[in-house]
>>> print(open('work_36.pdb').read())   # PDB, C-alpha atoms
ATOM      1  CA  MET A 806      35.805  34.305  -2.313  1.00  0.00           C
ATOM      2  CA  GLU A 807      34.446  37.160  -0.224  1.00  0.00           C
ATOM      3  CA  LEU A 808      31.317  38.659  -1.710  1.00  0.00           C
ATOM      4  CA  LYS A 809      30.609  42.219  -0.635  1.00  0.00           C
ATOM      5  CA  ASP A 810      27.002  43.278  -0.196  1.00  0.00           C
ATOM      6  CA  ASP A 811      27.612  46.592  -1.958  1.00  0.00           C
ATOM      7  CA  SER A 812      28.643  44.698  -5.113  1.00  0.00           C
ATOM      8  CA  ILE A 813      25.336  42.820  -5.055  1.00  0.00           C
ATOM      9  CA  LEU A 814      23.452  46.050  -4.439  1.00  0.00           C
ATOM     10  CA  ARG A 815      25.214  47.741  -7.354  1.00  0.00           C
ATOM     11  CA  PHE A 816      24.198  44.915  -9.695  1.00  0.00           C
ATOM     12  CA  TRP A 817      20.561  44.955  -8.679  1.00  0.00           C
ATOM     13  CA  GLN A 818      20.362  48.757  -8.827  1.00  0.00           C
ATOM     14  CA  TRP A 819      21.653  48.630 -12.398  1.00  0.00           C
ATOM     15  CA  PHE A 820      19.268  45.780 -13.296  1.00  0.00           C
ATOM     16  CA  VAL A 821      16.191  47.591 -11.962  1.00  0.00           C
ATOM     17  CA  LYS A 822      17.194  50.851 -13.645  1.00  0.00           C
ATOM     18  CA  ASN A 823      17.725  49.128 -16.999  1.00  0.00           C
ATOM     19  CA  GLU A 824      14.839  46.638 -16.931  1.00  0.00           C
ATOM     20  CA  ILE A 825      13.054  48.252 -19.880  1.00  0.00           C
ATOM     21  CA  ILE A 826      16.225  48.289 -21.984  1.00  0.00           C
ATOM     22  CA  ILE A 827      16.975  44.647 -21.085  1.00  0.00           C
ATOM     23  CA  LYS A 828      13.508  43.549 -22.164  1.00  0.00           C
ATOM     24  CA  GLU A 829      13.767  45.580 -25.363  1.00  0.00           C
ATOM     25  CA  CYS A 830      17.007  43.796 -26.245  1.00  0.00           C
ATOM     26  CA  ILE A 831      15.327  40.416 -25.844  1.00  0.00           C
ATOM     27  CA  GLU A 832      12.276  41.374 -27.881  1.00  0.00           C
ATOM     28  CA  ASN A 833      14.305  43.092 -30.615  1.00  0.00           C
ATOM     29  CA  ARG A 834      17.444  41.181 -31.559  1.00  0.00           C
ATOM     30  CA  HIS A 835      18.611  44.156 -33.641  1.00  0.00           C
ATOM     31  CA  SER A 836      18.429  46.533 -30.671  1.00  0.00           C
ATOM     32  CA  VAL A 837      21.130  49.212 -30.607  1.00  0.00           C
ATOM     33  CA  ASN A 838      21.362  48.665 -26.834  1.00  0.00           C
ATOM     34  CA  LYS A 839      22.321  44.980 -27.046  1.00  0.00           C
ATOM     35  CA  ASP A 840      26.089  45.457 -26.839  1.00  0.00           C
ATOM     36  CA  TYR A 841      25.691  47.793 -23.880  1.00  0.00           C
ATOM     37  CA  VAL A 842      23.453  45.372 -21.973  1.00  0.00           C
ATOM     38  CA  VAL A 843      25.665  42.344 -22.636  1.00  0.00           C
ATOM     39  CA  ALA A 844      28.830  44.237 -21.668  1.00  0.00           C
ATOM     40  CA  GLN A 845      27.308  45.560 -18.446  1.00  0.00           C
ATOM     41  CA  MET A 846      25.825  42.201 -17.469  1.00  0.00           C
ATOM     42  CA  ASN A 847      29.175  40.514 -18.063  1.00  0.00           C
ATOM     43  CA  GLU A 848      31.086  43.121 -16.093  1.00  0.00           C
ATOM     44  CA  LEU A 849      28.706  43.294 -13.141  1.00  0.00           C
ATOM     45  CA  ILE A 850      28.119  39.551 -12.825  1.00  0.00           C
ATOM     46  CA  LEU A 851      31.767  38.569 -13.238  1.00  0.00           C
ATOM     47  CA  SER A 852      32.621  41.079 -10.500  1.00  0.00           C
ATOM     48  CA  LEU A 853      30.476  38.907  -8.216  1.00  0.00           C
ATOM     49  CA  GLY A 854      31.954  35.522  -9.130  1.00  0.00           C
ATOM     50  CA  VAL A 855      32.800  33.072 -11.889  1.00  0.00           C
ATOM     51  CA  LEU A 856      29.198  32.829 -13.026  1.00  0.00           C
ATOM     52  CA  THR A 857      27.439  32.642 -16.362  1.00  0.00           C
ATOM     53  CA  TRP A 858      24.040  34.153 -16.988  1.00  0.00           C
ATOM     54  CA  ASP A 859      20.973  33.902 -19.170  1.00  0.00           C
ATOM     55  CA  VAL A 860      18.040  36.261 -19.483  1.00  0.00           C
ATOM     56  CA  GLY A 861      14.856  36.106 -21.511  1.00  0.00           C
ATOM     57  CA  LEU A 862      11.319  34.776 -21.720  1.00  0.00           C
ATOM     58  CA  ASP A 863      10.528  31.186 -20.785  1.00  0.00           C
ATOM     59  CA  GLU A 864       8.002  28.811 -22.353  1.00  0.00           C
ATOM     60  CA  ASP A 865       5.198  30.466 -20.372  1.00  0.00           C
ATOM     61  CA  GLU A 866       6.212  33.965 -21.489  1.00  0.00           C
ATOM     62  CA  ARG A 867       7.606  34.876 -18.058  1.00  0.00           C
ATOM     63  CA  TRP A 868      10.729  36.997 -17.769  1.00  0.00           C
ATOM     64  CA  PHE A 869      13.650  35.234 -16.097  1.00  0.00           C
ATOM     65  CA  LEU A 870      17.241  35.794 -15.075  1.00  0.00           C
ATOM     66  CA  THR A 871      19.395  32.740 -14.419  1.00  0.00           C
ATOM     67  CA  LEU A 872      22.837  32.681 -12.879  1.00  0.00           C
ATOM     68  CA  SER A 873      24.816  29.480 -13.288  1.00  0.00           C
ATOM     69  CA  PRO A 874      27.675  28.474 -10.966  1.00  0.00           C
ATOM     70  CA  ASN A 875      28.881  26.143 -13.736  1.00  0.00           C
ATOM     71  CA  GLY A 876      28.620  23.096 -11.510  1.00  0.00           C
ATOM     72  CA  ASN A 877      30.770  24.571  -8.733  1.00  0.00           C
ATOM     73  CA  GLU A 878      29.362  24.190  -5.220  1.00  0.00           C
ATOM     74  CA  ASP A 879      31.239  27.205  -3.814  1.00  0.00           C
ATOM     75  CA  MET A 880      29.994  29.394  -6.659  1.00  0.00           C
ATOM     76  CA  PHE A 881      26.486  28.080  -6.021  1.00  0.00           C
ATOM     77  CA  LYS A 882      26.645  29.584  -2.523  1.00  0.00           C
ATOM     78  CA  ILE A 883      27.509  32.912  -4.111  1.00  0.00           C
ATOM     79  CA  SER A 884      24.777  32.772  -6.749  1.00  0.00           C
ATOM     80  CA  ARG A 885      22.218  31.941  -4.048  1.00  0.00           C
ATOM     81  CA  LYS A 886      23.359  34.916  -1.981  1.00  0.00           C
ATOM     82  CA  ILE A 887      22.984  37.182  -5.010  1.00  0.00           C
ATOM     83  CA  MET A 888      19.510  35.926  -5.829  1.00  0.00           C
ATOM     84  CA  ALA A 889      18.438  36.192  -2.199  1.00  0.00           C
ATOM     85  CA  GLU A 890      18.828  39.962  -2.679  1.00  0.00           C
ATOM     86  CA  ALA A 891      16.755  40.074  -5.873  1.00  0.00           C
ATOM     87  CA  PRO A 892      14.165  42.887  -5.795  1.00  0.00           C
ATOM     88  CA  GLY A 893      10.819  41.456  -4.749  1.00  0.00           C
ATOM     89  CA  HIS A 894       8.748  43.998  -6.637  1.00  0.00           C
ATOM     90  CA  MET A 895       9.910  42.824 -10.068  1.00  0.00           C
ATOM     91  CA  ASP A 896       7.682  40.417 -11.966  1.00  0.00           C
ATOM     92  CA  TRP A 897      10.610  38.168 -12.858  1.00  0.00           C
ATOM     93  CA  LEU A 898      11.754  34.635 -12.100  1.00  0.00           C
ATOM     94  CA  PHE A 899      15.231  34.648 -10.563  1.00  0.00           C
ATOM     95  CA  TYR A 900      17.233  31.411 -10.565  1.00  0.00           C
ATOM     96  CA  ALA A 901      20.509  30.846  -8.698  1.00  0.00           C
ATOM     97  CA  SER A 902      21.262  27.873 -10.964  1.00  0.00           C
ATOM     98  CA  ARG A 903      19.965  26.445 -14.211  1.00  0.00           C
ATOM     99  CA  PRO A 904      16.456  25.059 -13.607  1.00  0.00           C
ATOM    100  CA  ALA A 905      15.103  21.809 -14.992  1.00  0.00           C
ATOM    101  CA  LYS A 906      13.546  22.169 -18.431  1.00  0.00           C
ATOM    102  CA  LYS A 907      10.204  21.271 -19.894  1.00  0.00           C
ATOM    103  CA  TRP A 908      11.618  19.472 -22.901  1.00  0.00           C
ATOM    104  CA  ASN A 909      11.541  16.499 -25.254  1.00  0.00           C
ATOM    105  CA  ARG A 910      15.023  15.293 -24.204  1.00  0.00           C
ATOM    106  CA  GLU A 911      16.530  16.213 -27.546  1.00  0.00           C
ATOM    107  CA  PHE A 912      19.587  18.461 -27.536  1.00  0.00           C
ATOM    108  CA  VAL A 913      22.869  19.252 -29.282  1.00  0.00           C
ATOM    109  CA  VAL A 914      26.483  18.855 -28.191  1.00  0.00           C
ATOM    110  CA  TYR A 915      29.724  19.558 -30.020  1.00  0.00           C
ATOM    111  CA  ASP A 916      32.338  16.835 -30.271  1.00  0.00           C
ATOM    112  CA  ASN A 917      36.133  17.173 -30.172  1.00  0.00           C
ATOM    113  CA  ASN A 918      36.128  18.253 -33.832  1.00  0.00           C
ATOM    114  CA  MET A 919      33.509  20.914 -33.046  1.00  0.00           C
ATOM    115  CA  ASP A 920      30.987  19.035 -35.176  1.00  0.00           C
ATOM    116  CA  GLU A 921      27.366  19.295 -34.089  1.00  0.00           C
ATOM    117  CA  GLN A 922      25.925  16.084 -32.664  1.00  0.00           C
ATOM    118  CA  ASN A 923      22.163  15.721 -32.240  1.00  0.00           C
ATOM    119  CA  ILE A 924      21.219  13.698 -29.167  1.00  0.00           C
ATOM    120  CA  ASP A 925      17.916  12.052 -28.296  1.00  0.00           C
ATOM    121  CA  ALA A 926      18.036  10.994 -24.656  1.00  0.00           C
ATOM    122  CA  SER A 927      14.447   9.744 -24.467  1.00  0.00           C
ATOM    123  CA  PRO A 928      15.386   6.031 -24.844  1.00  0.00           C
ATOM    124  CA  TRP A 929      18.136   6.201 -22.193  1.00  0.00           C
ATOM    125  CA  HIS A 930      18.006   4.280 -18.900  1.00  0.00           C
ATOM    126  CA  TYR A 931      19.741   4.744 -15.555  1.00  0.00           C
ATOM    127  CA  ILE A 932      20.571   3.276 -12.167  1.00  0.00           C
ATOM    128  CA  VAL A 933      21.569   5.083  -8.982  1.00  0.00           C
ATOM    129  CA  PHE A 934      23.814   4.045  -6.112  1.00  0.00           C
ATOM    130  CA  GLU A 935      23.818   5.721  -2.712  1.00  0.00           C
ATOM    131  CA  GLU A 936      27.219   6.625  -1.321  1.00  0.00           C
ATOM    132  CA  HIS A 937      28.306   6.949   2.302  1.00  0.00           C
ATOM    133  CA  ASN A 938      28.242  10.745   2.168  1.00  0.00           C
ATOM    134  CA  GLY A 939      24.539  10.710   1.354  1.00  0.00           C
ATOM    135  CA  LYS A 940      25.048  11.684  -2.268  1.00  0.00           C
ATOM    136  CA  LEU A 941      24.209   9.532  -5.258  1.00  0.00           C
ATOM    137  CA  GLU A 942      26.188   8.040  -8.100  1.00  0.00           C
ATOM    138  CA  LEU A 943      24.233   8.078 -11.345  1.00  0.00           C
ATOM    139  CA  VAL A 944      25.000   5.676 -14.188  1.00  0.00           C
ATOM    140  CA  ILE A 945      23.291   6.306 -17.519  1.00  0.00           C
ATOM    141  CA  GLU A 946      22.876   3.709 -20.254  1.00  0.00           C
ATOM    142  CA  ALA A 947      22.856   5.346 -23.687  1.00  0.00           C
ATOM    143  CA  LYS A 948      22.842   2.863 -26.548  1.00  0.00           C
ATOM    144  CA  ASN A 949      22.116   5.373 -29.301  1.00  0.00           C
ATOM    145  CA  ILE A 950      25.299   7.485 -29.197  1.00  0.00           C
ATOM    146  CA  PRO A 951      28.050   5.149 -30.462  1.00  0.00           C
ATOM    147  CA  GLN A 952      29.393   7.973 -32.629  1.00  0.00           C
ATOM    148  CA  LEU A 953      30.440  10.065 -29.633  1.00  0.00           C
ATOM    149  CA  ASP A 954      33.951  10.011 -28.249  1.00  0.00           C
ATOM    150  CA  PRO A 955      34.139   9.416 -24.456  1.00  0.00           C
ATOM    151  CA  GLU A 956      34.673  13.077 -23.561  1.00  0.00           C
ATOM    152  CA  THR A 957      31.724  14.254 -25.635  1.00  0.00           C
ATOM    153  CA  ALA A 958      29.548  11.497 -24.173  1.00  0.00           C
ATOM    154  CA  GLU A 959      30.384  12.790 -20.694  1.00  0.00           C
ATOM    155  CA  VAL A 960      29.444  16.315 -21.749  1.00  0.00           C
ATOM    156  CA  ALA A 961      26.145  14.979 -23.121  1.00  0.00           C
ATOM    157  CA  ALA A 962      25.431  13.175 -19.851  1.00  0.00           C
ATOM    158  CA  GLU A 963      26.091  16.308 -17.788  1.00  0.00           C
ATOM    159  CA  GLN A 964      23.961  18.465 -20.059  1.00  0.00           C
ATOM    160  CA  PHE A 965      21.129  15.942 -19.992  1.00  0.00           C
ATOM    161  CA  VAL A 966      21.109  15.707 -16.190  1.00  0.00           C
ATOM    162  CA  ILE A 967      21.084  19.476 -15.688  1.00  0.00           C
ATOM    163  CA  ASN A 968      18.263  19.886 -18.204  1.00  0.00           C
ATOM    164  CA  GLU A 969      16.309  17.010 -16.675  1.00  0.00           C
ATOM    165  CA  VAL A 970      16.650  17.611 -12.915  1.00  0.00           C
ATOM    166  CA  GLY A 971      18.230  21.063 -12.625  1.00  0.00           C
ATOM    167  CA  GLU A 972      21.722  22.250 -11.789  1.00  0.00           C
ATOM    168  CA  ALA A 973      21.056  22.524  -8.043  1.00  0.00           C
ATOM    169  CA  THR A 974      20.243  18.814  -7.788  1.00  0.00           C
ATOM    170  CA  ARG A 975      23.347  18.007  -9.828  1.00  0.00           C
ATOM    171  CA  ILE A 976      25.591  20.035  -7.515  1.00  0.00           C
ATOM    172  CA  LEU A 977      24.092  19.135  -4.162  1.00  0.00           C
ATOM    173  CA  ASN A 978      22.977  15.541  -4.591  1.00  0.00           C
ATOM    174  CA  LEU A 979      24.958  13.783  -7.309  1.00  0.00           C
ATOM    175  CA  SER A 980      28.580  12.946  -6.589  1.00  0.00           C
ATOM    176  CA  SER A 981      29.235  11.590 -10.075  1.00  0.00           C
ATOM    177  CA  ILE A 982      27.632  10.836 -13.417  1.00  0.00           C
ATOM    178  CA  GLN A 983      28.808   8.015 -15.653  1.00  0.00           C
ATOM    179  CA  ILE A 984      27.549   7.213 -19.110  1.00  0.00           C
ATOM    180  CA  VAL A 985      27.945   3.767 -20.687  1.00  0.00           C
ATOM    181  CA  HIS A 986      26.735   2.087 -23.840  1.00  0.00           C
ATOM    182  CA  THR A 987      25.349  -0.969 -22.049  1.00  0.00           C
ATOM    183  CA  LEU A 988      24.877  -1.596 -18.347  1.00  0.00           C
ATOM    184  CA  GLU A 989      26.250  -4.766 -16.871  1.00  0.00           C
ATOM    185  CA  SER A 990      23.800  -7.660 -17.151  1.00  0.00           C
ATOM    186  CA  GLU A 991      23.186  -7.751 -13.393  1.00  0.00           C
ATOM    187  CA  TYR A 992      21.501  -4.340 -13.623  1.00  0.00           C
ATOM    188  CA  GLU A 993      19.284  -5.143 -16.595  1.00  0.00           C
ATOM    189  CA  SER A 994      16.214  -5.847 -14.471  1.00  0.00           C
ATOM    190  CA  SER A 995      16.678  -2.838 -12.211  1.00  0.00           C
ATOM    191  CA  LYS A 996      17.425  -0.092 -14.734  1.00  0.00           C
ATOM    192  CA  THR A 997      14.804   2.640 -15.128  1.00  0.00           C
ATOM    193  CA  PRO A 998      13.772   4.859 -18.069  1.00  0.00           C
ATOM    194  CA  VAL A 999      15.185   8.381 -17.754  1.00  0.00           C
ATOM    195  CA  LYS A1000      11.699   9.874 -17.911  1.00  0.00           C
ATOM    196  CA  ASP A1001      11.351   8.723 -14.282  1.00  0.00           C
ATOM    197  CA  LEU A1002      14.640  10.226 -13.070  1.00  0.00           C
ATOM    198  CA  LYS A1003      13.327  13.526 -11.727  1.00  0.00           C
ATOM    199  CA  ASP A1004      10.494  11.966  -9.722  1.00  0.00           C
ATOM    200  CA  HIS A1005      12.756   9.148  -8.541  1.00  0.00           C
ATOM    201  CA  LEU A1006      15.349  11.571  -7.151  1.00  0.00           C
ATOM    202  CA  ALA A1007      12.628  13.630  -5.502  1.00  0.00           C
ATOM    203  CA  GLU A1008      11.478  10.497  -3.661  1.00  0.00           C
ATOM    204  CA  ILE A1009      14.869   9.347  -2.409  1.00  0.00           C
ATOM    205  CA  LEU A1010      16.552  12.666  -1.613  1.00  0.00           C
TER     206      LEU A1010
END
>>> encode(input="work_36.pdb", output="structure tokens")
Amino acid sequence: MELKDDSILRFWQWFVKNEIIIKECIENRHSVNKDYVVAQMNELILSLGVLTWDVGLDEDERWFLTLSPNGNEDMFKISRKIMAEAPGHMDWLFYASRPAKKWNREFVVYDNNMDEQNIDASPWHYIVFEEHNGKLELVIEAKNIPQLDPETAEVAAEQFVINEVGEATRILNLSSIQIVHTLESEYESSKTPVKDLKDHLAEIL
């Protein structure tokens, strides 16, 4: 997809012009401007690529705008190009992909019946294998989700990894993610708690 610089410029001009309104919509969920802001953000961002977005205040009360390429490496190139043009004078955090979270590793997924499933990933373990292309294969052991169907378990694994290490690491460094109930016995002594995953990947990548 060819991304024209004037399309990026148009988005950022609108964003700067409407910064006060955007913040007001976040701080006041009943804002009369909410529909306008959401519609304009959707229109302008989708004109740049198949991207999703999030805007708000983070845990440290800093304003942020996140674009997500939804796991697509080609879209990630586009989101990075967009964020490279972000106005430097704004006191905002601009992310070209979903950043790692500060979190307790508890989250929610929806199964095939659209029922809410609460997940606690803190007791999970993992192993990694290096592939010939330099990327890694990640295998997660999750013994506490027997209620999940295989497809929902895969969704949970993807969501966990993005929350734990960030979407950029997922796209650029992990070729695949598998989730199993129990690792094969030969890996029992080498598996690692997931709390170490982020630091472990930082060391080996």
>>> resolve_selection(input="work_36.pdb", expression="the PyMOL selection byres ((chain A and resi 938-955) around 7)", output="list in words")
Trp929, His930, Tyr931, Ile932, Val933, Phe934, Glu935, Glu936, His937, Glu956, Thr957, Ala958, Glu959, Asn978, Leu979, Ser980, Ser981, Ile982, Gln983, Ile984, Val985, His986, Thr987 and Leu988 of chain A
>>> atom_distance(input="work_36.pdb", atom1="CA of Gly861 (chain A)", atom2="CA of Glu824 (chain A)")
11.5 Å
>>> closest_residue(input="work_36.pdb", among="A:Leu814, A:Val913, A:Val970, A:Leu853", to="Asp1001 (chain A)", atoms="only C-alpha atoms")
A:Val970
>>> closest_residue(input="work_36.pdb", among="A:Leu851, A:Ile1009, A:Ala961, A:Ala844", to="Ser812 (chain A)", atoms="all atoms listed in the file")
A:Leu851
>>> resolve_selection(input="work_36.pdb", expression="the PyMOL selection byres ((chain A and resi 842) around 12)", output="JSON, numbers by chain")
{"A": [819, 820, 822, 823, 824, 825, 826, 827, 828, 829, 830, 831, 836, 837, 838, 839, 840, 841, 843, 844, 845, 846, 847, 848, 849, 850, 860]}
>>> write_last_selection(input="work_36.pdb", atoms="C-alpha atoms", output="JSON list (two decimals), in the coordinates of the input")
[["chain", "number", "residue", "atom", "x", "y", "z"],
["A", 819, "TRP", "CA", 21.65, 48.63, -12.40],
["A", 820, "PHE", "CA", 19.27, 45.78, -13.30],
["A", 822, "LYS", "CA", 17.19, 50.85, -13.64],
["A", 823, "ASN", "CA", 17.73, 49.13, -17.00],
["A", 824, "GLU", "CA", 14.84, 46.64, -16.93],
["A", 825, "ILE", "CA", 13.05, 48.25, -19.88],
["A", 826, "ILE", "CA", 16.23, 48.29, -21.98],
["A", 827, "ILE", "CA", 16.98, 44.65, -21.08],
["A", 828, "LYS", "CA", 13.51, 43.55, -22.16],
["A", 829, "GLU", "CA", 13.77, 45.58, -25.36],
["A", 830, "CYS", "CA", 17.01, 43.80, -26.24],
["A", 831, "ILE", "CA", 15.33, 40.42, -25.84],
["A", 836, "SER", "CA", 18.43, 46.53, -30.67],
["A", 837, "VAL", "CA", 21.13, 49.21, -30.61],
["A", 838, "ASN", "CA", 21.36, 48.66, -26.83],
["A", 839, "LYS", "CA", 22.32, 44.98, -27.05],
["A", 840, "ASP", "CA", 26.09, 45.46, -26.84],
["A", 841, "TYR", "CA", 25.69, 47.79, -23.88],
["A", 843, "VAL", "CA", 25.66, 42.34, -22.64],
["A", 844, "ALA", "CA", 28.83, 44.24, -21.67],
["A", 845, "GLN", "CA", 27.31, 45.56, -18.45],
["A", 846, "MET", "CA", 25.82, 42.20, -17.47],
["A", 847, "ASN", "CA", 29.18, 40.51, -18.06],
["A", 848, "GLU", "CA", 31.09, 43.12, -16.09],
["A", 849, "LEU", "CA", 28.71, 43.29, -13.14],
["A", 850, "ILE", "CA", 28.12, 39.55, -12.82],
["A", 860, "VAL", "CA", 18.04, 36.26, -19.48]]
>>> atom_distance(input="work_36.pdb", atom1="CA of Trp858 (chain A)", atom2="CA of Arg815 (chain A)")
16.7 Å
>>> residues_around(input="work_36.pdb", residues="Phe912 (chain A)", least_positions_apart="3", cutoff="8 Å", atoms="all atoms listed in the file", output="ChimeraX atom specification")
/A:923-925
>>> atom_distance(input="work_36.pdb", atom1="CA of Ile887 (chain A)", atom2="CA of Tyr900 (chain A)")
9.9 Å
>>> closest_residue(input="work_36.pdb", among="A:Leu1010, A:Ser994, A:Glu911, A:Lys906", to="Asp863 (chain A)", atoms="all atoms listed in the file")
A:Lys906
>>> resolve_selection(input="work_36.pdb", expression="the PyMOL selection byres ((chain A and resi 855) around 12)", output="list in words")
Met806, Leu808, Asn847, Glu848, Leu849, Ile850, Leu851, Ser852, Leu853, Gly854, Leu856, Thr857, Trp858, Leu872, Ser873, Pro874, Asn875, Gly876, Asn877, Glu878, Asp879, Met880, Phe881, Lys882, Ile883 and Ser884 of chain A
>>> decode(input="work_36.pdb", residues="region 991-1002 of chain A", atoms="N, CA, C and O atoms", output="PDB file, in the first residue's frame")
ATOM      1  N   GLU A 991      10.294 -33.633  28.633  1.00  0.00           N
ATOM      2  CA  GLU A 991      11.700 -33.281  28.395  1.00  0.00           C
ATOM      3  C   GLU A 991      11.975 -31.796  28.613  1.00  0.00           C
ATOM      4  O   GLU A 991      13.132 -31.390  28.760  1.00  0.00           O
ATOM      5  N   TYR A 992      10.922 -30.975  28.625  1.00  0.00           N
ATOM      6  CA  TYR A 992      11.097 -29.540  28.812  1.00  0.00           C
ATOM      7  C   TYR A 992      10.760 -29.089  30.238  1.00  0.00           C
ATOM      8  O   TYR A 992      10.821 -27.895  30.543  1.00  0.00           O
ATOM      9  N   GLU A 993      10.422 -30.025  31.091  1.00  0.00           N
ATOM     10  CA  GLU A 993      10.001 -29.674  32.442  1.00  0.00           C
ATOM     11  C   GLU A 993      11.072 -28.905  33.192  1.00  0.00           C
ATOM     12  O   GLU A 993      10.782 -27.932  33.913  1.00  0.00           O
ATOM     13  N   SER A 994      12.321 -29.308  33.040  1.00  0.00           N
ATOM     14  CA  SER A 994      13.404 -28.668  33.799  1.00  0.00           C
ATOM     15  C   SER A 994      13.867 -27.350  33.183  1.00  0.00           C
ATOM     16  O   SER A 994      14.562 -26.565  33.838  1.00  0.00           O
ATOM     17  N   SER A 995      13.479 -27.105  31.943  1.00  0.00           N
ATOM     18  CA  SER A 995      13.962 -25.899  31.270  1.00  0.00           C
ATOM     19  C   SER A 995      12.885 -24.830  31.093  1.00  0.00           C
ATOM     20  O   SER A 995      13.182 -23.730  30.613  1.00  0.00           O
ATOM     21  N   LYS A 996      11.649 -25.119  31.474  1.00  0.00           N
ATOM     22  CA  LYS A 996      10.598 -24.123  31.321  1.00  0.00           C
ATOM     23  C   LYS A 996      10.811 -22.979  32.325  1.00  0.00           C
ATOM     24  O   LYS A 996      11.435 -23.160  33.378  1.00  0.00           O
ATOM     25  N   THR A 997      10.281 -21.817  31.983  1.00  0.00           N
ATOM     26  CA  THR A 997      10.538 -20.596  32.751  1.00  0.00           C
ATOM     27  C   THR A 997       9.222 -19.894  33.061  1.00  0.00           C
ATOM     28  O   THR A 997       8.334 -19.866  32.204  1.00  0.00           O
ATOM     29  N   PRO A 998       9.074 -19.323  34.261  1.00  0.00           N
ATOM     30  CA  PRO A 998       7.851 -18.562  34.562  1.00  0.00           C
ATOM     31  C   PRO A 998       7.684 -17.380  33.609  1.00  0.00           C
ATOM     32  O   PRO A 998       8.666 -16.731  33.232  1.00  0.00           O
ATOM     33  N   VAL A 999       6.441 -17.075  33.239  1.00  0.00           N
ATOM     34  CA  VAL A 999       6.208 -16.014  32.260  1.00  0.00           C
ATOM     35  C   VAL A 999       6.606 -14.635  32.772  1.00  0.00           C
ATOM     36  O   VAL A 999       6.817 -13.721  31.970  1.00  0.00           O
ATOM     37  N   LYS A1000       6.742 -14.483  34.071  1.00  0.00           N
ATOM     38  CA  LYS A1000       7.179 -13.175  34.585  1.00  0.00           C
ATOM     39  C   LYS A1000       8.570 -12.815  34.088  1.00  0.00           C
ATOM     40  O   LYS A1000       8.971 -11.646  34.102  1.00  0.00           O
ATOM     41  N   ASP A1001       9.340 -13.806  33.620  1.00  0.00           N
ATOM     42  CA  ASP A1001      10.692 -13.562  33.128  1.00  0.00           C
ATOM     43  C   ASP A1001      10.748 -13.375  31.617  1.00  0.00           C
ATOM     44  O   ASP A1001      11.824 -13.136  31.064  1.00  0.00           O
ATOM     45  N   LEU A1002       9.605 -13.500  30.933  1.00  0.00           N
ATOM     46  CA  LEU A1002       9.613 -13.512  29.469  1.00  0.00           C
ATOM     47  C   LEU A1002      10.177 -12.235  28.870  1.00  0.00           C
ATOM     48  O   LEU A1002      11.016 -12.280  27.963  1.00  0.00           O
TER      49      LEU A1002
END
